[in-house]
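Novice: Have a peek at work31.cif (mmCIF, C-alpha atoms).
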data_work
#
loop_
_atom_site.label_atom_id
_atom_site.label_comp_id
_atom_site.auth_asym_id
_atom_site.auth_seq_id
_atom_site.Cartn_x
_atom_site.Cartn_y
_atom_site.Cartn_z
CA MET V 262 0.00 0.00 0.00
CA SER V 263 2.88 2.38 0.74
CA ASP V 264 3.58 2.83 -2.96
CA LYS V 265 0.11 4.41 -3.26
CA LEU V 266 0.71 6.89 -0.44
CA LYS V 267 2.53 10.20 -0.60
CA ILE V 268 3.33 12.37 2.42
CA ILE V 269 2.17 15.95 1.91
CA THR V 270 2.40 19.07 4.07
CA THR V 271 -0.85 20.87 4.85
CA GLU V 272 -1.31 24.60 5.45
CA ASP V 273 -0.66 24.47 9.20
CA GLY V 274 2.67 22.73 8.61
CA SER V 275 1.48 19.28 9.68
CA HIS V 276 1.67 16.26 7.43
CA SER V 277 -1.11 14.29 5.82
CA LEU V 278 -1.15 11.49 3.28
CA TYR V 279 -2.36 11.52 -0.29
CA HIS V 280 -3.81 8.21 -1.48
CA GLU V 281 -3.06 8.14 -5.19
CA GLU V 282 -5.51 5.37 -6.04
CA LEU V 283 -8.43 7.09 -4.30
CA GLN V 284 -7.15 10.56 -5.21
CA GLU V 285 -7.95 11.56 -1.65
CA THR V 286 -6.07 12.99 1.32
CA TYR V 287 -6.28 11.63 4.87
CA HIS V 288 -6.92 15.15 6.23
CA SER V 289 -7.85 18.64 5.10
CA PHE V 290 -5.33 20.53 2.95
CA HIS V 291 -6.01 23.48 5.28
CA GLY V 292 -4.34 21.74 8.21
CA ALA V 293 -4.36 18.14 9.41
CA TYR V 294 -3.46 18.94 13.01
CA ARG V 295 -5.94 21.82 13.27
CA GLU V 296 -8.71 19.71 11.73
CA SER V 297 -8.28 16.88 14.24
CA ILE V 298 -8.14 19.29 17.18
CA HIS V 299 -11.27 21.09 15.99
CA VAL V 300 -13.50 18.17 14.98
CA PHE V 301 -12.50 15.50 17.48
CA MET V 302 -11.10 17.30 20.52
CA LEU V 303 -13.00 20.62 20.67
CA TYR V 304 -16.35 19.43 19.28
CA GLY V 305 -15.81 15.88 20.47
CA LEU V 306 -14.12 15.25 23.79
CA ASP V 307 -14.37 18.79 25.18
CA SER V 308 -18.07 18.89 24.35
CA TRP V 309 -18.65 15.49 25.90
CA LEU V 310 -16.87 16.54 29.08
CA ALA V 311 -18.93 19.73 29.32
CA ARG V 312 -22.13 17.66 29.39
CA ASN V 313 -20.75 14.77 31.42
CA PRO V 314 -18.24 16.14 33.94
CA LYS V 315 -18.25 13.01 36.10
CA ARG V 316 -19.11 10.13 33.72
CA PHE V 317 -15.88 8.14 33.44
CA PRO V 318 -14.21 6.31 31.86
CA ILE V 319 -14.97 7.77 28.44
CA ARG V 320 -15.37 5.08 25.80
CA ILE V 321 -14.28 6.26 22.36
CA PHE V 322 -14.81 4.43 19.08
CA GLU V 323 -12.92 5.64 16.02
CA VAL V 324 -13.66 4.67 12.43
CA GLY V 325 -10.30 5.02 10.69
CA PHE V 326 -7.10 4.84 12.77
CA GLY V 327 -5.23 6.04 9.68
CA THR V 328 -2.21 8.13 10.62
CA GLY V 329 -2.91 7.71 14.34
CA LEU V 330 -3.29 11.46 14.87
CA ASN V 331 -6.74 11.33 16.49
CA ALA V 332 -5.78 8.51 18.83
CA TRP V 333 -2.58 10.26 19.90
CA LEU V 334 -4.38 13.56 20.52
CA ALA V 335 -7.00 11.69 22.56
CA LEU V 336 -4.22 10.17 24.67
CA VAL V 337 -2.73 13.61 25.27
CA TRP V 338 -6.22 14.92 26.17
CA ALA V 339 -6.80 12.05 28.61
CA GLU V 340 -3.47 12.58 30.34
CA GLN V 341 -3.75 16.36 30.53
CA ASN V 342 -7.27 16.18 31.94
CA GLN V 343 -6.47 13.10 34.07
CA ILE V 344 -9.61 11.40 32.76
CA PRO V 345 -9.59 7.66 31.98
CA VAL V 346 -10.28 6.86 28.33
CA LEU V 347 -10.99 3.48 26.72
CA TYR V 348 -10.17 3.88 23.03
CA HIS V 349 -11.17 1.41 20.32
CA THR V 350 -10.23 2.02 16.69
CA ILE V 351 -10.46 0.06 13.46
CA GLU V 352 -8.29 0.21 10.35
CA PRO V 353 -8.27 -2.42 7.59
CA PHE V 354 -5.13 -0.98 5.95
CA PRO V 355 -2.48 -0.07 8.56
CA LEU V 356 0.35 2.22 7.58
CA PRO V 357 3.84 0.73 7.27
CA GLU V 358 6.59 2.04 9.53
CA GLU V 359 8.31 3.72 6.60
CA ILE V 360 5.30 6.05 6.39
CA TYR V 361 4.16 6.67 9.99
CA SER V 362 7.74 7.16 11.22
CA GLN V 363 8.05 10.24 8.96
CA LEU V 364 4.84 11.99 10.09
CA ASN V 365 5.54 15.21 11.97
CA TYR V 366 2.54 15.56 14.33
CA VAL V 367 4.64 15.47 17.48
CA ASP V 368 6.53 18.53 16.21
CA GLN V 369 3.40 20.70 16.13
CA ASN V 370 3.33 21.45 19.87
CA ASP V 371 6.55 21.52 21.87
CA GLY V 372 4.53 22.09 25.03
CA ILE V 373 3.53 18.44 25.07
CA TRP V 374 6.97 17.02 24.32
CA HIS V 375 6.64 14.45 27.12
CA PHE V 376 3.78 12.80 25.20
CA HIS V 377 5.67 12.58 21.89
CA LYS V 378 6.84 9.00 22.44
CA TYR V 379 3.28 7.70 22.54
CA PHE V 380 2.63 8.44 18.86
CA LYS V 381 5.13 5.75 17.89
CA VAL V 382 3.89 3.46 20.68
CA LEU V 383 0.32 3.51 19.33
CA HIS V 384 1.52 2.45 15.90
CA GLU V 385 3.82 -0.27 17.21
CA LEU V 386 1.30 -1.94 19.53
CA PRO V 387 0.02 -5.31 18.27
CA TRP V 388 -3.17 -5.32 16.27
CA ASN V 389 -6.32 -7.00 17.60
CA GLU V 390 -5.08 -6.81 21.20
CA GLY V 391 -5.84 -4.26 23.89
CA GLY V 392 -4.34 -2.87 27.03
CA PRO V 393 -3.11 0.20 28.92
CA VAL V 394 -0.75 2.56 27.11
CA SER V 395 -0.44 5.26 29.76
CA GLU V 396 -1.99 5.99 33.14
CA TYR V 397 -5.27 7.30 31.72
CA PHE V 398 -5.37 5.73 28.25
CA ASN V 399 -6.40 2.16 27.42
CA PHE V 400 -6.16 1.31 23.73
CA LYS V 401 -7.23 -1.35 21.25
CA LYS V 402 -6.88 -1.29 17.48
CA ASP V 403 -8.45 -3.91 15.24
CA GLN V 404 -7.39 -4.58 11.67
CA VAL V 405 -10.92 -5.04 10.32
CA THR V 406 -13.53 -3.23 8.26
CA LEU V 407 -16.52 -1.63 9.92
CA GLU V 408 -18.69 -4.41 8.53
CA GLU V 409 -16.48 -7.04 10.20
CA ALA V 410 -15.84 -5.19 13.46
CA GLN V 411 -17.23 -6.12 16.84
CA LEU V 412 -18.25 -2.85 18.41
CA TYR V 413 -18.25 -2.07 22.11
CA PRO V 414 -20.57 0.42 23.83
CA SER V 415 -19.27 3.93 23.13
CA ASP V 416 -19.70 7.42 24.57
CA VAL V 417 -17.96 9.30 21.78
CA VAL V 418 -17.62 8.31 18.11
CA PHE V 419 -14.85 9.74 15.93
CA PHE V 420 -16.14 9.06 12.42
CA ASP V 421 -13.06 9.73 10.30
CA ALA V 422 -13.47 7.61 7.20
CA PHE V 423 -12.49 8.88 3.76
CA ALA V 424 -15.02 11.24 2.18
CA PRO V 425 -18.43 9.79 1.22
CA LYS V 426 -17.64 10.04 -2.50
CA LYS V 427 -14.41 8.07 -2.01
CA GLN V 428 -15.55 5.44 0.53
CA PRO V 429 -19.36 5.39 0.18
CA GLU V 430 -19.87 2.02 1.88
CA LEU V 431 -18.89 3.50 5.25
CA TRP V 432 -21.44 6.31 4.97
CA GLN V 433 -24.44 4.23 4.00
CA LEU V 434 -27.35 4.00 6.39
CA GLU V 435 -26.61 0.36 7.27
CA ALA V 436 -23.06 1.20 8.38
CA LEU V 437 -24.19 4.26 10.32
CA ALA V 438 -26.92 2.19 11.98
CA LYS V 439 -24.33 -0.29 13.24
CA VAL V 440 -22.41 2.54 14.86
CA TYR V 441 -25.58 4.13 16.23
CA ASP V 442 -26.65 0.87 17.85
CA SER V 443 -23.34 0.67 19.71
CA MET V 444 -23.65 4.20 21.10
CA ARG V 445 -24.73 4.50 24.72
CA PRO V 446 -27.61 6.83 25.68
CA GLY V 447 -26.31 10.38 25.56
CA ALA V 448 -23.36 9.46 23.31
CA LEU V 449 -21.80 11.93 20.87
CA PHE V 450 -21.04 11.36 17.16
CA THR V 451 -18.64 13.77 15.47
CA THR V 452 -17.26 13.97 11.92
CA TYR V 453 -15.73 16.48 9.52
CA SER V 454 -18.33 15.67 6.84
CA ALA V 455 -21.35 17.92 6.42
CA THR V 456 -23.29 16.34 3.56
CA GLY V 457 -27.04 16.65 3.55
CA GLN V 458 -27.50 12.91 3.15
CA LEU V 459 -25.38 12.18 6.21
CA LYS V 460 -27.43 14.59 8.32
CA ARG V 461 -30.70 13.10 7.09
CA ASP V 462 -29.51 9.56 7.80
CA LEU V 463 -28.29 10.42 11.30
CA LYS V 464 -31.60 12.12 12.07
CA SER V 465 -33.52 9.10 10.77
CA LEU V 466 -31.59 6.89 13.18
CA GLY V 467 -32.54 9.11 16.09
CA LEU V 468 -29.58 11.42 16.64
CA GLU V 469 -30.09 15.05 17.55
CA VAL V 470 -28.00 16.57 14.76
CA GLU V 471 -26.07 19.83 15.04
CA ASN V 472 -24.01 21.79 12.51
CA PRO V 473 -21.07 23.37 14.36
CA PRO V 474 -18.63 25.59 12.46
CA GLY V 475 -16.14 23.50 10.56
CA PRO V 476 -12.36 23.49 10.80
CA PRO V 477 -10.35 25.86 8.58
CA GLY V 478 -11.55 25.54 5.00
CA LYS V 479 -14.98 24.15 5.87
CA LYS V 480 -18.13 26.15 6.63
CA GLU V 481 -19.55 23.49 8.94
CA MET V 482 -19.19 19.93 10.22
CA THR V 483 -21.64 17.42 11.69
CA ARG V 484 -22.22 16.39 15.25
CA GLY V 485 -25.02 14.32 16.74
CA TRP V 486 -26.16 13.33 20.21
CA LYS V 487 -27.99 10.13 21.01
CA PRO V 488 -30.98 10.92 23.23
CA VAL V 489 -30.59 9.88 26.84
CA THR V 490 -34.08 8.39 26.77
CA GLN V 491 -36.05 7.11 23.81
#
Here is the file; what I need is its structure written in the form of structure tokens.

Specialist:
Amino acid sequence: MSDKLKIITTEDGSHSLYHEELQETYHSFHGAYRESIHVFMLYGLDSWLARNPKRFPIRIFEVGFGTGLNAWLALVWAEQNQIPVLYHTIEPFPLPEEIYSQLNYVDQNDGIWHFHKYFKVLHELPWNEGGPVSEYFNFKKDQVTLEEAQLYPSDVVFFDAFAPKKQPELWQLEALAKVYDSMRPGALFTTYSATGQLKRDLKSLGLEVENPPGPPGKKEMTRGWKPVTQ
């Protein structure tokens, strides 16, 4: 797969990958690091914490481990906030070391230098096994598709698949329904995508859909809350 991937630099100086076969990038050209912080930390974990200040541990499910950026940022978030996180991610096509070892995410914030080592650790951990990575972060990554995956109850969903036009099977109602069914009452679903069809599908499943401002380069994104009672 590595021969199909090219490391690129986005506008905030952080790397992303360009998949030549799909003609798609792993992150926004406007800034990979900023996009992940905005969509998954600010409108994901920070928003969850604001509503649930004492509901721990937080169970996160991520569709698309990819470069590992979201998982690493979640680990940093868990450690800085001293909040236990159980993180489950899936990725059918893991990156080879020759690619992930060149990614520059840990260079984007010198203030968290003591967490830099964990980016490599997350990539090097065995697939399809789980366990503690740091004091507040428990991690499991499965090399499976969403269709194949066994999902655990989740509080926060990071839906970070390739764009709907590039990977439509992951955005179909059946796939979204599988994720929805695994979400606990009150759970949060967050994604960079803001297509009308996605919003309609999420609403049809029962989520309370919101349209927060998007990361740089995008007018809006999509976030949904599963009702506490139905």

Novice: Could you give me, as a PyMOL selection string, the residues that have an atom at most 12 Å away from the point (0.5, 10.7, 3.4) in the coordinates of the file, using all atoms listed in the file?

Specialist: chain V and resi 262-271+275-281+284-290+293+327-329+356-357+359-365

Novice: Going by the chain IDs and residue numbers used in this file, which residues fall under the PyMOL selection byres ((chain V and resi 380) around 9)? Write them as JSON, numbers by chain.

Specialist: {"V": [329, 330, 332, 333, 334, 366, 367, 376, 377, 378, 379, 381, 382, 383, 384, 385]}

Novice: List as a PyMOL selection string the protein and nucleic acid residues near Ala335 (chain V), meaning an atom at most 9 Å away when all atoms listed in the file are counted, but skip any in the same chain fewer than 5 places from it.

Specialist: chain V and resi 301-302+306+330+340+346+348+398

Novice: Which of these residues is nearest to Val440 (chain V), using all atoms listed in the file: V:Arg461, V:Lys426, V:Lys480, V:Lys487?

Specialist: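 Closest to Val440 (chain V) of all the choices is V:Lys487.
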
Novice: As a PyMOL selection string, please: the residues near Glu352 (chain V) (cut-off 9 Å, all atoms listed in the file, same-chain neighbours under 6 positions excluded).

Specialist: chain V and resi 324-327+402-407

Novice: Give me the result of the PyMOL selection byres ((chain V and resi 457-459) around 10) on this file, residue by residue, as an mmCIF file with C-alpha atoms, in the coordinates of the input.

Specialist:
data_model
loop_
_atom_site.group_PDB
_atom_site.id
_atom_site.type_symbol
_atom_site.label_atom_id
_atom_site.label_comp_id
_atom_site.auth_asym_id
_atom_site.auth_seq_id
_atom_site.Cartn_x
_atom_site.Cartn_y
_atom_site.Cartn_z
ATOM 1 C CA PRO V 425 -18.430 9.790 1.220
ATOM 2 C CA TRP V 432 -21.440 6.310 4.970
ATOM 3 C CA GLN V 433 -24.440 4.230 4.000
ATOM 4 C CA LEU V 434 -27.350 4.000 6.390
ATOM 5 C CA LEU V 437 -24.190 4.260 10.320
ATOM 6 C CA SER V 454 -18.330 15.670 6.840
ATOM 7 C CA ALA V 455 -21.350 17.920 6.420
ATOM 8 C CA THR V 456 -23.290 16.340 3.560
ATOM 9 C CA LYS V 460 -27.430 14.590 8.320
ATOM 10 C CA ARG V 461 -30.700 13.100 7.090
ATOM 11 C CA ASP V 462 -29.510 9.560 7.800
ATOM 12 C CA LEU V 463 -28.290 10.420 11.300
ATOM 13 C CA LYS V 464 -31.600 12.120 12.070
ATOM 14 C CA SER V 465 -33.520 9.100 10.770
ATOM 15 C CA VAL V 470 -28.000 16.570 14.760
ATOM 16 C CA THR V 483 -21.640 17.420 11.690
#

Novice: Expressed in Å to a single decimal, how great is the separation between CA of His349 (chain V) and CA of Leu431 (chain V)?

Specialist: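 Taking CA of His349 (chain V) and CA of Leu431 (chain V), their separation equals 17.1 Å.
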
Novice: To one decimal place, how far is CA of Phe450 (chain V) from CA of Gly485 (chain V) in Å?

Specialist: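 According to the coordinates, CA of Phe450 (chain V) and CA of Gly485 (chain V) are separated by 5.0 Å.
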
Novice: For each of V:Asp307, V:Glu390, V:Asp273, V:Glu409, take the minimum atom-to-atom distance to Asp368 (chain V), counting all atoms listed in the file, then give the residue where this is smallest.

Specialist: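 Of V:Asp307, V:Glu390, V:Asp273, V:Glu409, the one nearest Asp368 (chain V) is V:Asp273, counting all atoms listed in the file.
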
Novice: Evaluate the PyMOL selection byres ((chain V and resi 412) around 9) against this structure - the residues, as a PyMOL selection string, please.

Specialist: chain V and resi 322+349+407+410-411+413-415+439-440+443

Novice: Would you mind reading off the distance between CA of Trp338 (chain V) and CA of His291 (chain V), one decimal, in Å?

Specialist: 22.6 Å

Novice: Since the input lacks some atoms of region 272-283 of chain V, please model all heavy atoms and print them as an mmCIF file, in the coordinates of the input.

Specialist:
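Saved to part.cif:
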data_model
loop_
_atom_site.group_PDB
_atom_site.id
_atom_site.type_symbol
_atom_site.label_atom_id
_atom_site.label_comp_id
_atom_site.auth_asym_id
_atom_site.auth_seq_id
_atom_site.Cartn_x
_atom_site.Cartn_y
_atom_site.Cartn_z
ATOM 1 N N GLU V 272 -1.550 23.167 5.252
ATOM 2 C CA GLU V 272 -1.310 24.600 5.450
ATOM 3 C C GLU V 272 -0.851 24.978 6.851
ATOM 4 O O GLU V 272 -0.255 26.042 7.033
ATOM 5 C CB GLU V 272 -2.570 25.386 5.073
ATOM 6 C CG GLU V 272 -2.845 25.410 3.577
ATOM 7 C CD GLU V 272 -4.082 26.220 3.224
ATOM 8 O OE1 GLU V 272 -4.705 26.790 4.149
ATOM 9 O OE2 GLU V 272 -4.422 26.278 2.034
ATOM 10 N N ASP V 273 -1.135 24.139 7.846
ATOM 11 C CA ASP V 273 -0.660 24.470 9.200
ATOM 12 C C ASP V 273 0.719 23.889 9.487
ATOM 13 O O ASP V 273 1.217 23.961 10.607
ATOM 14 C CB ASP V 273 -1.677 24.035 10.263
ATOM 15 C CG ASP V 273 -1.827 22.514 10.358
ATOM 16 O OD1 ASP V 273 -1.187 21.783 9.576
ATOM 17 O OD2 ASP V 273 -2.608 22.053 11.215
ATOM 18 N N GLY V 274 1.326 23.289 8.459
ATOM 19 C CA GLY V 274 2.670 22.730 8.610
ATOM 20 C C GLY V 274 2.691 21.260 8.964
ATOM 21 O O GLY V 274 3.749 20.624 8.924
ATOM 22 N N SER V 275 1.544 20.698 9.320
ATOM 23 C CA SER V 275 1.480 19.280 9.680
ATOM 24 C C SER V 275 1.294 18.415 8.445
ATOM 25 O O SER V 275 0.733 18.847 7.439
ATOM 26 C CB SER V 275 0.351 19.024 10.682
ATOM 27 O OG SER V 275 -0.911 19.315 10.115
ATOM 28 N N HIS V 276 1.748 17.189 8.552
ATOM 29 C CA HIS V 276 1.670 16.260 7.430
ATOM 30 C C HIS V 276 0.276 15.653 7.275
ATOM 31 O O HIS V 276 -0.514 15.599 8.221
ATOM 32 C CB HIS V 276 2.655 15.097 7.643
ATOM 33 C CG HIS V 276 4.077 15.461 7.382
ATOM 34 N ND1 HIS V 276 5.138 14.778 7.938
ATOM 35 C CD2 HIS V 276 4.624 16.438 6.622
ATOM 36 C CE1 HIS V 276 6.271 15.311 7.523
ATOM 37 N NE2 HIS V 276 5.989 16.321 6.730
ATOM 38 N N SER V 277 -0.001 15.195 6.089
ATOM 39 C CA SER V 277 -1.110 14.290 5.820
ATOM 40 C C SER V 277 -0.617 13.334 4.752
ATOM 41 O O SER V 277 0.550 13.378 4.342
ATOM 42 C CB SER V 277 -2.363 15.040 5.350
ATOM 43 O OG SER V 277 -3.461 14.142 5.239
ATOM 44 N N LEU V 278 -1.489 12.448 4.332
ATOM 45 C CA LEU V 278 -1.150 11.490 3.280
ATOM 46 C C LEU V 278 -2.090 11.658 2.110
ATOM 47 O O LEU V 278 -3.291 11.896 2.297
ATOM 48 C CB LEU V 278 -1.229 10.056 3.811
ATOM 49 C CG LEU V 278 -0.297 9.692 4.950
ATOM 50 C CD1 LEU V 278 -0.587 8.275 5.442
ATOM 51 C CD2 LEU V 278 1.162 9.820 4.532
ATOM 52 N N TYR V 279 -1.550 11.502 0.924
ATOM 53 C CA TYR V 279 -2.360 11.520 -0.290
ATOM 54 C C TYR V 279 -2.400 10.101 -0.841
ATOM 55 O O TYR V 279 -1.356 9.496 -1.093
ATOM 56 C CB TYR V 279 -1.776 12.469 -1.336
ATOM 57 C CG TYR V 279 -2.555 12.484 -2.632
ATOM 58 C CD1 TYR V 279 -3.810 13.081 -2.701
ATOM 59 C CD2 TYR V 279 -2.040 11.888 -3.777
ATOM 60 C CE1 TYR V 279 -4.530 13.088 -3.891
ATOM 61 C CE2 TYR V 279 -2.742 11.888 -4.973
ATOM 62 C CZ TYR V 279 -3.994 12.497 -5.020
ATOM 63 O OH TYR V 279 -4.715 12.491 -6.202
ATOM 64 N N HIS V 280 -3.609 9.564 -0.962
ATOM 65 C CA HIS V 280 -3.810 8.210 -1.480
ATOM 66 C C HIS V 280 -4.027 8.328 -2.986
ATOM 67 O O HIS V 280 -5.071 8.795 -3.449
ATOM 68 C CB HIS V 280 -5.025 7.568 -0.814
ATOM 69 C CG HIS V 280 -5.131 6.085 -1.004
ATOM 70 N ND1 HIS V 280 -5.290 5.511 -2.246
ATOM 71 C CD2 HIS V 280 -5.097 5.061 -0.116
ATOM 72 C CE1 HIS V 280 -5.364 4.198 -2.107
ATOM 73 N NE2 HIS V 280 -5.243 3.904 -0.829
ATOM 74 N N GLU V 281 -3.023 7.922 -3.753
ATOM 75 C CA GLU V 281 -3.060 8.140 -5.190
ATOM 76 C C GLU V 281 -4.178 7.366 -5.885
ATOM 77 O O GLU V 281 -4.788 7.860 -6.830
ATOM 78 C CB GLU V 281 -1.702 7.790 -5.811
ATOM 79 C CG GLU V 281 -0.589 8.732 -5.346
ATOM 80 C CD GLU V 281 0.749 8.433 -5.995
ATOM 81 O OE1 GLU V 281 0.875 7.358 -6.625
ATOM 82 O OE2 GLU V 281 1.658 9.278 -5.867
ATOM 83 N N GLU V 282 -4.465 6.168 -5.408
ATOM 84 C CA GLU V 282 -5.510 5.370 -6.040
ATOM 85 C C GLU V 282 -6.887 5.981 -5.825
ATOM 86 O O GLU V 282 -7.713 6.042 -6.744
ATOM 87 C CB GLU V 282 -5.479 3.941 -5.495
ATOM 88 C CG GLU V 282 -6.412 2.980 -6.220
ATOM 89 C CD GLU V 282 -6.240 1.548 -5.728
ATOM 90 O OE1 GLU V 282 -5.152 0.983 -5.942
ATOM 91 O OE2 GLU V 282 -7.184 1.008 -5.143
ATOM 92 N N LEU V 283 -7.142 6.455 -4.607
ATOM 93 C CA LEU V 283 -8.430 7.090 -4.300
ATOM 94 C C LEU V 283 -8.461 8.561 -4.696
ATOM 95 O O LEU V 283 -9.533 9.163 -4.746
ATOM 96 C CB LEU V 283 -8.734 6.981 -2.801
ATOM 97 C CG LEU V 283 -9.022 5.598 -2.232
ATOM 98 C CD1 LEU V 283 -9.224 5.682 -0.717
ATOM 99 C CD2 LEU V 283 -10.258 4.993 -2.883
#
